[in-house]
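Student: Following this line is protein_26.txt, made up of compact mmCIF, C-alpha atoms:
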# COMPACT_ATOMS: atom_id res chain seq x y z
CA MET A 1 23.93 12.78 17.76
CA THR A 2 20.57 14.08 18.91
CA PRO A 3 17.61 11.69 18.67
CA PRO A 4 14.87 12.87 16.30
CA THR A 5 11.72 14.20 17.88
CA PRO A 6 9.11 11.49 18.50
CA THR A 7 6.00 11.68 16.32
CA ARG A 8 2.53 10.21 16.37
CA SER A 9 1.09 7.88 13.78
CA SER A 10 -1.03 9.54 11.10
CA HIS A 11 -3.11 6.37 10.77
CA THR A 12 -3.87 5.12 14.27
CA PRO A 13 -5.24 7.57 16.85
CA GLN A 14 -2.95 8.07 19.84
CA LEU A 15 -0.30 5.73 18.39
CA ALA A 16 2.93 6.65 20.12
CA VAL A 17 6.14 6.33 18.13
CA SER A 18 9.62 5.74 19.49
CA TYR A 19 12.72 7.61 18.38
CA GLY A 20 12.94 5.58 15.19
CA LYS A 21 15.82 3.36 16.27
CA CYS A 22 15.36 1.17 19.30
CA ARG A 23 12.57 1.39 21.74
CA ARG A 24 13.77 2.77 25.07
CA GLY A 25 13.99 0.42 28.02
CA GLN A 26 13.57 1.23 31.68
CA GLY A 27 16.41 1.51 34.19
CA ASP A 28 20.06 0.67 33.76
CA ASP A 29 19.42 -2.32 31.50
CA SER A 30 18.34 -0.07 28.64
CA GLN A 31 21.75 -0.47 27.00
CA ALA A 32 22.23 -2.70 23.96
CA ILE A 33 18.79 -3.29 22.42
CA MET A 34 17.19 -0.05 23.57
CA GLU A 35 19.80 2.67 23.45
CA VAL A 36 19.25 5.75 21.33
CA GLY A 37 21.82 8.53 21.85
CA ALA A 38 25.37 8.83 20.55
CA GLU A 39 26.75 7.34 23.74
CA SER A 40 25.09 4.06 22.81
CA VAL A 41 26.97 3.63 19.56
CA ASP A 42 29.97 1.39 19.22
CA VAL A 43 31.11 -1.22 16.73
CA LYS A 44 28.84 -3.91 18.15
CA ARG A 45 25.79 -1.90 19.22
CA GLY A 46 25.27 0.78 16.64
CA ASN A 47 25.16 -1.40 13.50
CA ILE A 48 28.48 0.08 12.48
CA SER A 49 30.06 -2.43 10.15
CA ASP A 50 33.58 -3.52 10.98
CA PRO A 51 34.53 -6.41 8.67
CA GLU A 52 37.12 -7.72 11.15
CA ASP A 53 34.55 -7.90 13.94
CA ASP A 54 31.36 -8.88 12.14
CA SER A 55 31.56 -12.65 12.42
CA CYS A 56 28.58 -14.26 14.12
CA SER A 57 29.21 -14.58 17.84
CA ASP A 58 27.19 -15.92 20.73
CA THR A 59 28.81 -13.55 23.23
CA ASP A 60 28.27 -10.15 21.60
CA PHE A 61 26.04 -8.73 24.35
CA GLU A 62 25.88 -8.83 28.09
CA PRO A 63 22.82 -10.69 29.40
CA SER A 64 19.94 -8.39 30.28
CA LYS A 65 16.49 -8.50 31.81
CA LEU A 66 15.36 -7.18 28.42
CA GLY A 67 15.72 -10.77 27.28
CA THR A 68 13.25 -12.09 29.85
CA LYS A 69 9.52 -12.74 29.64
CA GLU A 70 9.00 -11.09 33.03
CA TYR A 71 10.34 -7.77 31.80
CA TRP A 72 8.02 -7.68 28.79
CA GLU A 73 4.98 -8.88 30.68
CA ASP A 74 5.46 -6.01 33.12
CA ALA A 75 6.02 -3.51 30.30
CA TYR A 76 2.95 -4.56 28.34
CA GLN A 77 0.78 -4.74 31.46
CA LYS A 78 1.55 -1.05 31.99
CA GLU A 79 0.79 -0.27 28.34
CA LEU A 80 -2.45 -2.25 28.58
CA GLU A 81 -3.51 -0.14 31.57
CA THR A 82 -2.54 3.05 29.76
CA PHE A 83 -4.56 2.02 26.71
CA ALA A 84 -7.58 1.35 28.92
CA ASP A 85 -7.18 4.76 30.56
CA ILE A 86 -6.40 7.07 27.63
CA GLY A 87 -6.37 4.98 24.45
CA ASP A 88 -2.61 5.27 23.89
CA VAL A 89 -1.27 1.96 22.52
CA GLY A 90 2.36 2.65 23.43
CA GLU A 91 5.52 2.80 21.38
CA ILE A 92 6.33 1.46 17.93
CA TRP A 93 9.57 -0.46 17.71
CA PHE A 94 12.08 1.47 15.57
CA GLY A 95 9.46 4.07 14.64
CA GLU A 96 6.73 4.23 12.05
CA GLU A 97 9.20 4.22 9.15
CA SER A 98 10.26 0.68 10.10
CA MET A 99 6.78 -0.49 9.17
CA SER A 100 6.55 1.67 6.05
CA ARG A 101 9.78 0.31 4.58
CA VAL A 102 8.56 -3.28 4.93
CA LEU A 103 5.22 -2.36 3.39
CA ARG A 104 7.02 -0.73 0.45
CA TRP A 105 9.07 -3.89 -0.03
CA MET A 106 5.90 -6.01 0.04
CA ASP A 107 4.41 -3.86 -2.70
CA LYS A 108 7.57 -4.13 -4.80
CA ALA A 109 7.76 -7.90 -4.23
CA GLN A 110 4.06 -8.18 -5.13
CA ILE A 111 3.15 -10.08 -1.98
CA PRO A 112 -0.50 -11.06 -2.55
CA ALA A 113 -3.21 -9.77 -0.24
CA ASP A 114 -4.08 -13.31 0.88
CA ALA A 115 -0.49 -14.26 1.74
CA ALA A 116 -0.16 -15.87 5.17
CA ILE A 117 1.85 -13.38 7.26
CA LEU A 118 3.25 -13.96 10.75
CA ASP A 119 4.25 -11.07 13.02
CA ILE A 120 6.78 -12.58 15.44
CA GLY A 121 6.54 -10.86 18.82
CA THR A 122 3.62 -8.64 17.89
CA GLY A 123 3.78 -6.47 21.03
CA ASN A 124 0.96 -3.93 20.89
CA GLY A 125 -0.17 -5.13 17.47
CA ALA A 126 0.68 -1.84 15.75
CA PHE A 127 2.23 -3.57 12.74
CA LEU A 128 -0.78 -5.86 12.40
CA VAL A 129 -2.97 -2.75 12.23
CA GLU A 130 -0.84 -1.26 9.44
CA LEU A 131 -0.69 -4.56 7.54
CA ALA A 132 -4.47 -4.93 7.72
CA LYS A 133 -5.00 -1.34 6.56
CA HIS A 134 -2.58 -2.07 3.72
CA GLY A 135 -4.97 -4.75 2.49
CA CYS A 136 -3.42 -7.91 3.96
CA ARG A 137 -6.16 -10.43 4.75
CA ASN A 138 -4.38 -13.40 6.33
CA LEU A 139 -2.57 -12.06 9.37
CA THR A 140 -1.34 -13.77 12.53
CA GLY A 141 0.49 -12.16 15.43
CA ILE A 142 2.08 -14.06 18.31
CA ASP A 143 3.66 -13.02 21.57
CA TYR A 144 4.63 -14.86 24.73
CA SER A 145 3.35 -12.06 26.94
CA PRO A 146 -0.35 -12.44 27.90
CA ALA A 147 -0.58 -8.68 28.47
CA SER A 148 0.81 -8.06 24.97
CA VAL A 149 -1.82 -10.34 23.46
CA ASP A 150 -4.61 -8.59 25.37
CA LEU A 151 -3.29 -5.20 24.30
CA ALA A 152 -2.96 -6.18 20.64
CA ARG A 153 -6.48 -7.60 20.57
CA ASN A 154 -7.88 -4.46 22.18
CA VAL A 155 -6.03 -2.23 19.71
CA LEU A 156 -7.29 -4.25 16.76
CA GLN A 157 -10.83 -4.18 18.10
CA ALA A 158 -10.63 -0.41 18.54
CA GLU A 159 -9.67 -0.18 14.87
CA ASP A 160 -12.58 -2.50 13.95
CA LEU A 161 -10.14 -5.08 12.58
CA THR A 162 -11.78 -8.32 13.62
CA ASN A 163 -10.25 -10.75 11.13
CA VAL A 164 -6.71 -10.72 12.52
CA THR A 165 -5.52 -13.65 14.62
CA VAL A 166 -3.48 -12.94 17.76
CA LYS A 167 -2.16 -15.85 19.81
CA GLU A 168 -0.34 -16.16 23.11
CA MET A 169 2.60 -18.26 21.98
CA ASP A 170 6.33 -18.48 22.59
CA PHE A 171 7.98 -18.58 19.17
CA LEU A 172 10.80 -20.75 20.51
CA ASN A 173 8.36 -23.24 22.06
CA CYS A 174 5.56 -23.40 19.52
CA HIS A 175 5.80 -27.21 19.25
CA GLY A 176 5.44 -27.20 15.48
CA GLU A 177 2.20 -25.22 15.46
CA LEU A 178 3.61 -22.51 13.19
CA LYS A 179 3.59 -23.77 9.61
CA GLY A 180 2.83 -22.60 6.08
CA PHE A 181 3.59 -18.88 6.26
CA ASP A 182 4.46 -16.91 3.15
CA VAL A 183 6.06 -14.05 5.10
CA CYS A 184 7.47 -13.85 8.63
CA ILE A 185 8.27 -10.44 10.10
CA ASP A 186 10.54 -9.70 13.06
CA LYS A 187 10.99 -6.18 14.37
CA GLY A 188 13.06 -6.48 17.55
CA THR A 189 12.18 -9.97 18.77
CA PHE A 190 15.46 -11.60 17.70
CA ASP A 191 17.24 -8.69 19.39
CA ALA A 192 15.47 -9.42 22.66
CA ILE A 193 16.12 -13.17 22.40
CA SER A 194 19.82 -12.37 21.98
CA LEU A 195 19.83 -10.82 25.47
CA ASN A 196 18.33 -13.76 27.35
CA PRO A 197 20.38 -14.10 30.58
CA GLU A 198 19.98 -17.87 30.69
CA SER A 199 20.07 -19.32 27.19
CA SER A 200 20.76 -16.77 24.45
CA LYS A 201 23.13 -19.09 22.55
CA GLU A 202 20.65 -21.94 22.41
CA ASP A 203 17.71 -19.62 21.82
CA LYS A 204 19.31 -18.00 18.78
CA LYS A 205 19.89 -21.40 17.20
CA MET A 206 16.36 -22.49 18.06
CA TYR A 207 14.98 -19.29 16.53
CA VAL A 208 16.54 -20.11 13.16
CA GLN A 209 15.16 -23.65 13.21
CA VAL A 210 11.63 -22.59 14.18
CA LEU A 211 11.71 -19.91 11.49
CA LYS A 212 12.70 -22.46 8.86
CA ASP A 213 9.82 -24.69 9.93
CA ALA A 214 7.31 -21.83 9.93
CA LEU A 215 8.04 -20.60 6.41
CA LYS A 216 6.92 -22.18 3.17
CA ASP A 217 9.58 -22.97 0.61
CA LYS A 218 10.51 -19.64 -1.02
CA GLY A 219 8.68 -17.79 1.73
CA PHE A 220 10.17 -14.48 2.89
CA PHE A 221 11.64 -13.35 6.19
CA ALA A 222 11.85 -9.61 6.95
CA ILE A 223 13.99 -8.73 9.97
CA THR A 224 14.72 -5.33 11.51
CA SER A 225 17.46 -5.19 14.14
CA CYS A 226 19.31 -2.52 16.10
CA ASN A 227 21.75 -4.97 17.68
CA TRP A 228 23.06 -6.87 14.69
CA THR A 229 24.88 -5.68 11.58
CA LYS A 230 24.09 -6.89 8.07
CA GLU A 231 27.15 -9.13 8.08
CA GLN A 232 26.23 -10.74 11.39
CA LEU A 233 22.66 -11.44 10.26
CA LEU A 234 23.88 -12.90 6.98
CA ASP A 235 26.10 -15.23 8.98
CA ARG A 236 23.32 -16.13 11.41
CA PHE A 237 20.75 -16.94 8.71
CA ILE A 238 23.13 -18.58 6.24
CA GLU A 239 21.65 -22.07 6.52
CA GLY A 240 18.29 -22.59 4.84
CA PHE A 241 17.96 -19.01 3.62
CA GLU A 242 18.95 -16.94 0.62
CA PHE A 243 19.71 -13.25 1.05
CA VAL A 244 17.37 -11.13 -1.08
CA GLU A 245 18.08 -7.49 -0.28
CA GLU A 246 18.85 -4.86 2.33
CA LEU A 247 16.20 -2.22 2.87
CA PRO A 248 17.42 1.39 3.15
CA THR A 249 17.68 2.68 6.72
CA PRO A 250 19.03 5.93 8.22
CA SER A 251 22.83 6.11 8.30
CA PHE A 252 25.29 8.09 10.42
CA GLN A 253 29.00 8.50 11.07
CA PHE A 254 30.63 7.98 14.44
CA GLY A 255 34.29 7.68 15.39
CA GLY A 256 35.35 7.68 11.76
CA LYS A 257 33.04 4.80 10.89
CA LYS A 258 29.81 4.80 8.93
CA GLY A 259 26.85 2.79 10.10
CA ASN A 260 23.09 2.48 10.23
CA SER A 261 20.77 3.10 13.14
CA VAL A 262 19.02 -0.18 12.31
CA THR A 263 19.54 -3.03 9.88
CA ALA A 264 16.62 -4.27 7.77
CA LEU A 265 17.12 -7.37 5.63
CA ILE A 266 14.97 -9.66 3.49
CA PHE A 267 15.70 -13.39 3.25
CA LYS A 268 14.05 -16.18 1.24
CA ARG A 269 13.53 -19.67 2.61
CA ILE A 270 15.25 -22.33 0.51
CA HIS A 271 15.40 -26.11 0.95
Just give me the structure as structure tokens.

Tutor:
Amino acid sequence: MTPPTPTRSSHTPQLAVSYGKCRRGQGDDSQAIMEVGAESVDVKRGNISDPEDDSCSDTDFEPSKLGTKEYWEDAYQKELETFADIGDVGEIWFGEESMSRVLRWMDKAQIPADAAILDIGTGNGAFLVELAKHGCRNLTGIDYSPASVDLARNVLQAEDLTNVTVKEMDFLNCHGELKGFDVCIDKGTFDAISLNPESSKEDKKMYVQVLKDALKDKGFFAITSCNWTKEQLLDRFIEGFEFVEELPTPSFQFGGKKGNSVTALIFKRIH
């Protein structure tokens, strides 16, 4: 399976796009969350659904530096320097289509322009840019990497988008500060948390609790993952959420099984 050719965003100048699946990592730890080619695909890591092996597990992935704050701070510091030098904001997690499919769902679901929207792990702020250009007026992005926050703010300023809030904040340690959101969006952050070398089991449980606290009753959660299958995510977010729909994503066949390069699901918060 040959990765599709990377493209550039038609909306944001110099906006680099990844291969449309998982953003590539650096070094030998780029397995799991970041792999792209056919060699990266197996039952657990290619979103190939195997009903006998899709139960929620806390030991699905080997620990990786991709689950550490240090890795991402270093990565975004380099992207921040690149943006300062040549105006390139870096890569888009899962490609530009990953943003477009969520925007199409928001239109279909008639999410109002003034809905409070949280981008969990905003990275370079590319999704905040697209949401703002789509007409969303109440946007917040958070990331635990100071370099990510600086980069996102610079990118937004370059696009003359001054009414978007970006905060340096660890989603898992927000101390109750995140409340009252109509929509929460995750595009790769839960994947990274799942690879934490020290506390992935506890962190995944904490993620669900913080998410429940952050969302209003009947608020929506949109998650895009390249590590977890639909069945695993349904199992993970079974408590306090109602499954709404699966968004269409590219599919492929490998080893006699059919799967998707990424999984994109919509949940609704219920009490």

Student: Between A:Ala158, A:Leu234, A:Val244, A:Val164, which residue has the minimum interatomic distance to Asn138 (chain A), considering all atoms listed in the file?

Tutor: A:Val164

Student: One number please: CA of Lys230 (chain A) to CA of Met99 (chain A), in Å, one decimal.

Tutor: 18.5 Å

Student: Compile a residue-level contact table for region 142-246 of chain A against region 102-114 of chain A at a cut-off of 10 Å, reporting for every qualifying residue the shortest atom pair and its distance in Å to one decimal, with all atoms listed in the file counted, rows ordered by chain and ascending number, as JSON lines.

Tutor:
{"residue": "A:Asp182", "atom": "CA", "partner": "A:Ile111", "partner_atom": "CA", "distance": 8.6}
{"residue": "A:Val183", "atom": "CA", "partner": "A:Ile111", "partner_atom": "CA", "distance": 8.6}
{"residue": "A:Ile185", "atom": "CA", "partner": "A:Val102", "partner_atom": "CA", "distance": 8.8}
{"residue": "A:Phe220", "atom": "CA", "partner": "A:Ile111", "partner_atom": "CA", "distance": 9.6}
{"residue": "A:Ala222", "atom": "CA", "partner": "A:Val102", "partner_atom": "CA", "distance": 7.4}
{"residue": "A:Ile223", "atom": "CA", "partner": "A:Val102", "partner_atom": "CA", "distance": 9.2}
{"residue": "A:Thr224", "atom": "CA", "partner": "A:Val102", "partner_atom": "CA", "distance": 9.2}
{"residue": "A:Glu245", "atom": "CA", "partner": "A:Trp105", "partner_atom": "CA", "distance": 9.7}

Student: To one decimal place in Å, what is the distance between CA of Ala147 (chain A) and CA of Gln77 (chain A)?

Tutor: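 Interatomic distance, CA of Ala147 (chain A) to CA of Gln77 (chain A): 5.1 Å.
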
Student: Which residue out of A:Leu172, A:Ala84, A:Val262, A:Ala214 has the minimum interatomic distance to Ser199 (chain A) when only C-alpha atoms are used?

Tutor: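 Among the listed residues, A:Leu172 lies closest to Ser199 (chain A).
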
Student: I need the residue nearest Glu231 (chain A) from this list: A:Leu265, A:Thr122, A:Gly219, A:Asp213. Use all atoms listed in the file for the distance.

Tutor: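 When distances to Glu231 (chain A) are compared using all atoms listed in the file, the smallest one comes from A:Leu265.
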
Student: Go ahead and compute the interatomic distance for CA of Pro146 (chain A) and CA of Lys212 (chain A), in Å to one decimal.

Tutor: 25.2 Å

Student: Tell me which protein, DNA and RNA residues are within 12 Å of Leu161 (chain A), counting only C-alpha atoms, leaving out same-chain ones fewer than 3 positions away, and put them as a ChimeraX atom specification.

Tutor: /A:125-126,128-133,135-139,152-158,164-166

Student: Would you kindly identify which residues have an atom no farther than 6 Å from (15.5, -11.9, 27.4), using all atoms listed in the file and the file's own coordinates, and write them out as an NGL selection string?

Tutor: :A and (65-68 or 192-193 or 195-196)

Student: Taking 3 positions as the minimum chain separation for residues in the same chain, which residues sit within 6 Å of Ile142 (chain A) when counting all atoms listed in the file? Answer as number ranges by chain.

Tutor: A: 120-122, 166-169

Student: Under the rule that only C-alpha atoms are counted, which of A:Glu198, A:Glu242, A:Glu62, A:Glu91 is the nearest residue to Lys268 (chain A)?

Tutor: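 Once distances to Lys268 (chain A) are computed over only C-alpha atoms, the minimum belongs to A:Glu242.
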
Student: Since the input is missing atoms, can you rebuild all heavy atoms for region 161-172 of chain A and write them as a PDB file, keeping the file's coordinate frame?

Tutor:
ATOM      1  N   LEU A 161     -10.826  -4.061  13.381  1.00  0.00           N
ATOM      2  CA  LEU A 161     -10.140  -5.080  12.580  1.00  0.00           C
ATOM      3  C   LEU A 161     -10.336  -6.412  13.294  1.00  0.00           C
ATOM      4  O   LEU A 161      -9.568  -6.792  14.165  1.00  0.00           O
ATOM      5  CB  LEU A 161      -8.659  -4.735  12.444  1.00  0.00           C
ATOM      6  CG  LEU A 161      -8.355  -3.404  11.734  1.00  0.00           C
ATOM      7  CD1 LEU A 161      -6.887  -3.050  11.858  1.00  0.00           C
ATOM      8  CD2 LEU A 161      -8.772  -3.491  10.268  1.00  0.00           C
ATOM      9  N   THR A 162     -11.362  -7.121  12.890  1.00  0.00           N
ATOM     10  CA  THR A 162     -11.780  -8.320  13.620  1.00  0.00           C
ATOM     11  C   THR A 162     -11.298  -9.615  12.985  1.00  0.00           C
ATOM     12  O   THR A 162     -11.503 -10.696  13.551  1.00  0.00           O
ATOM     13  CB  THR A 162     -13.316  -8.358  13.722  1.00  0.00           C
ATOM     14  OG1 THR A 162     -13.881  -8.331  12.393  1.00  0.00           O
ATOM     15  CG2 THR A 162     -13.834  -7.155  14.507  1.00  0.00           C
ATOM     16  N   ASN A 163     -10.661  -9.540  11.829  1.00  0.00           N
ATOM     17  CA  ASN A 163     -10.250 -10.750  11.130  1.00  0.00           C
ATOM     18  C   ASN A 163      -8.752 -11.024  11.242  1.00  0.00           C
ATOM     19  O   ASN A 163      -8.173 -11.699  10.395  1.00  0.00           O
ATOM     20  CB  ASN A 163     -10.642 -10.665   9.644  1.00  0.00           C
ATOM     21  CG  ASN A 163     -12.148 -10.642   9.452  1.00  0.00           C
ATOM     22  OD1 ASN A 163     -12.875 -11.340  10.155  1.00  0.00           O
ATOM     23  ND2 ASN A 163     -12.615  -9.848   8.505  1.00  0.00           N
ATOM     24  N   VAL A 164      -8.136 -10.507  12.287  1.00  0.00           N
ATOM     25  CA  VAL A 164      -6.710 -10.720  12.520  1.00  0.00           C
ATOM     26  C   VAL A 164      -6.552 -11.647  13.722  1.00  0.00           C
ATOM     27  O   VAL A 164      -7.161 -11.433  14.772  1.00  0.00           O
ATOM     28  CB  VAL A 164      -5.982  -9.383  12.796  1.00  0.00           C
ATOM     29  CG1 VAL A 164      -4.502  -9.634  13.076  1.00  0.00           C
ATOM     30  CG2 VAL A 164      -6.137  -8.441  11.612  1.00  0.00           C
ATOM     31  N   THR A 165      -5.737 -12.672  13.557  1.00  0.00           N
ATOM     32  CA  THR A 165      -5.520 -13.650  14.620  1.00  0.00           C
ATOM     33  C   THR A 165      -4.339 -13.236  15.496  1.00  0.00           C
ATOM     34  O   THR A 165      -3.254 -12.929  14.984  1.00  0.00           O
ATOM     35  CB  THR A 165      -5.227 -15.042  14.033  1.00  0.00           C
ATOM     36  OG1 THR A 165      -6.339 -15.464  13.238  1.00  0.00           O
ATOM     37  CG2 THR A 165      -4.980 -16.057  15.130  1.00  0.00           C
ATOM     38  N   VAL A 166      -4.555 -13.218  16.805  1.00  0.00           N
ATOM     39  CA  VAL A 166      -3.480 -12.940  17.760  1.00  0.00           C
ATOM     40  C   VAL A 166      -3.460 -14.077  18.774  1.00  0.00           C
ATOM     41  O   VAL A 166      -4.482 -14.392  19.391  1.00  0.00           O
ATOM     42  CB  VAL A 166      -3.680 -11.592  18.482  1.00  0.00           C
ATOM     43  CG1 VAL A 166      -2.510 -11.322  19.424  1.00  0.00           C
ATOM     44  CG2 VAL A 166      -3.805 -10.455  17.476  1.00  0.00           C
ATOM     45  N   LYS A 167      -2.285 -14.700  18.935  1.00  0.00           N
ATOM     46  CA  LYS A 167      -2.160 -15.850  19.810  1.00  0.00           C
ATOM     47  C   LYS A 167      -1.103 -15.617  20.886  1.00  0.00           C
ATOM     48  O   LYS A 167      -0.062 -15.012  20.608  1.00  0.00           O
ATOM     49  CB  LYS A 167      -1.766 -17.095  19.011  1.00  0.00           C
ATOM     50  CG  LYS A 167      -2.752 -17.535  17.952  1.00  0.00           C
ATOM     51  CD  LYS A 167      -2.243 -18.772  17.233  1.00  0.00           C
ATOM     52  CE  LYS A 167      -3.219 -19.256  16.173  1.00  0.00           C
ATOM     53  NZ  LYS A 167      -2.703 -20.471  15.473  1.00  0.00           N
ATOM     54  N   GLU A 168      -1.372 -16.117  22.075  1.00  0.00           N
ATOM     55  CA  GLU A 168      -0.340 -16.160  23.110  1.00  0.00           C
ATOM     56  C   GLU A 168       0.520 -17.391  22.843  1.00  0.00           C
ATOM     57  O   GLU A 168       0.079 -18.527  23.019  1.00  0.00           O
ATOM     58  CB  GLU A 168      -0.976 -16.251  24.495  1.00  0.00           C
ATOM     59  CG  GLU A 168       0.041 -16.269  25.625  1.00  0.00           C
ATOM     60  CD  GLU A 168      -0.591 -16.480  26.982  1.00  0.00           C
ATOM     61  OE1 GLU A 168      -1.767 -16.098  27.164  1.00  0.00           O
ATOM     62  OE2 GLU A 168       0.087 -17.056  27.854  1.00  0.00           O
ATOM     63  N   MET A 169       1.737 -17.161  22.384  1.00  0.00           N
ATOM     64  CA  MET A 169       2.600 -18.260  21.980  1.00  0.00           C
ATOM     65  C   MET A 169       4.053 -17.831  22.040  1.00  0.00           C
ATOM     66  O   MET A 169       4.402 -16.734  21.612  1.00  0.00           O
ATOM     67  CB  MET A 169       2.248 -18.727  20.564  1.00  0.00           C
ATOM     68  CG  MET A 169       3.068 -19.898  20.058  1.00  0.00           C
ATOM     69  SD  MET A 169       2.604 -20.384  18.364  1.00  0.00           S
ATOM     70  CE  MET A 169       0.948 -21.029  18.647  1.00  0.00           C
ATOM     71  N   ASP A 170       4.890 -18.700  22.572  1.00  0.00           N
ATOM     72  CA  ASP A 170       6.330 -18.480  22.590  1.00  0.00           C
ATOM     73  C   ASP A 170       6.885 -19.029  21.278  1.00  0.00           C
ATOM     74  O   ASP A 170       6.782 -20.226  21.008  1.00  0.00           O
ATOM     75  CB  ASP A 170       6.946 -19.212  23.780  1.00  0.00           C
ATOM     76  CG  ASP A 170       8.445 -18.949  23.927  1.00  0.00           C
ATOM     77  OD1 ASP A 170       9.071 -18.477  22.960  1.00  0.00           O
ATOM     78  OD2 ASP A 170       8.991 -19.235  25.008  1.00  0.00           O
ATOM     79  N   PHE A 171       7.461 -18.168  20.471  1.00  0.00           N
ATOM     80  CA  PHE A 171       7.980 -18.580  19.170  1.00  0.00           C
ATOM     81  C   PHE A 171       8.961 -19.735  19.299  1.00  0.00           C
ATOM     82  O   PHE A 171       8.982 -20.642  18.455  1.00  0.00           O
ATOM     83  CB  PHE A 171       8.645 -17.387  18.479  1.00  0.00           C
ATOM     84  CG  PHE A 171       9.121 -17.669  17.073  1.00  0.00           C
ATOM     85  CD1 PHE A 171       8.207 -17.885  16.050  1.00  0.00           C
ATOM     86  CD2 PHE A 171      10.473 -17.696  16.774  1.00  0.00           C
ATOM     87  CE1 PHE A 171       8.640 -18.136  14.746  1.00  0.00           C
ATOM     88  CE2 PHE A 171      10.914 -17.947  15.488  1.00  0.00           C
ATOM     89  CZ  PHE A 171       9.997 -18.169  14.469  1.00  0.00           C
ATOM     90  N   LEU A 172       9.776 -19.719  20.339  1.00  0.00           N
ATOM     91  CA  LEU A 172      10.800 -20.750  20.510  1.00  0.00           C
ATOM     92  C   LEU A 172      10.224 -22.067  21.032  1.00  0.00           C
ATOM     93  O   LEU A 172      10.908 -23.088  21.001  1.00  0.00           O
ATOM     94  CB  LEU A 172      11.894 -20.259  21.463  1.00  0.00           C
ATOM     95  CG  LEU A 172      12.650 -19.006  21.035  1.00  0.00           C
ATOM     96  CD1 LEU A 172      13.726 -18.683  22.064  1.00  0.00           C
ATOM     97  CD2 LEU A 172      13.263 -19.179  19.651  1.00  0.00           C
TER      98      LEU A 172
END
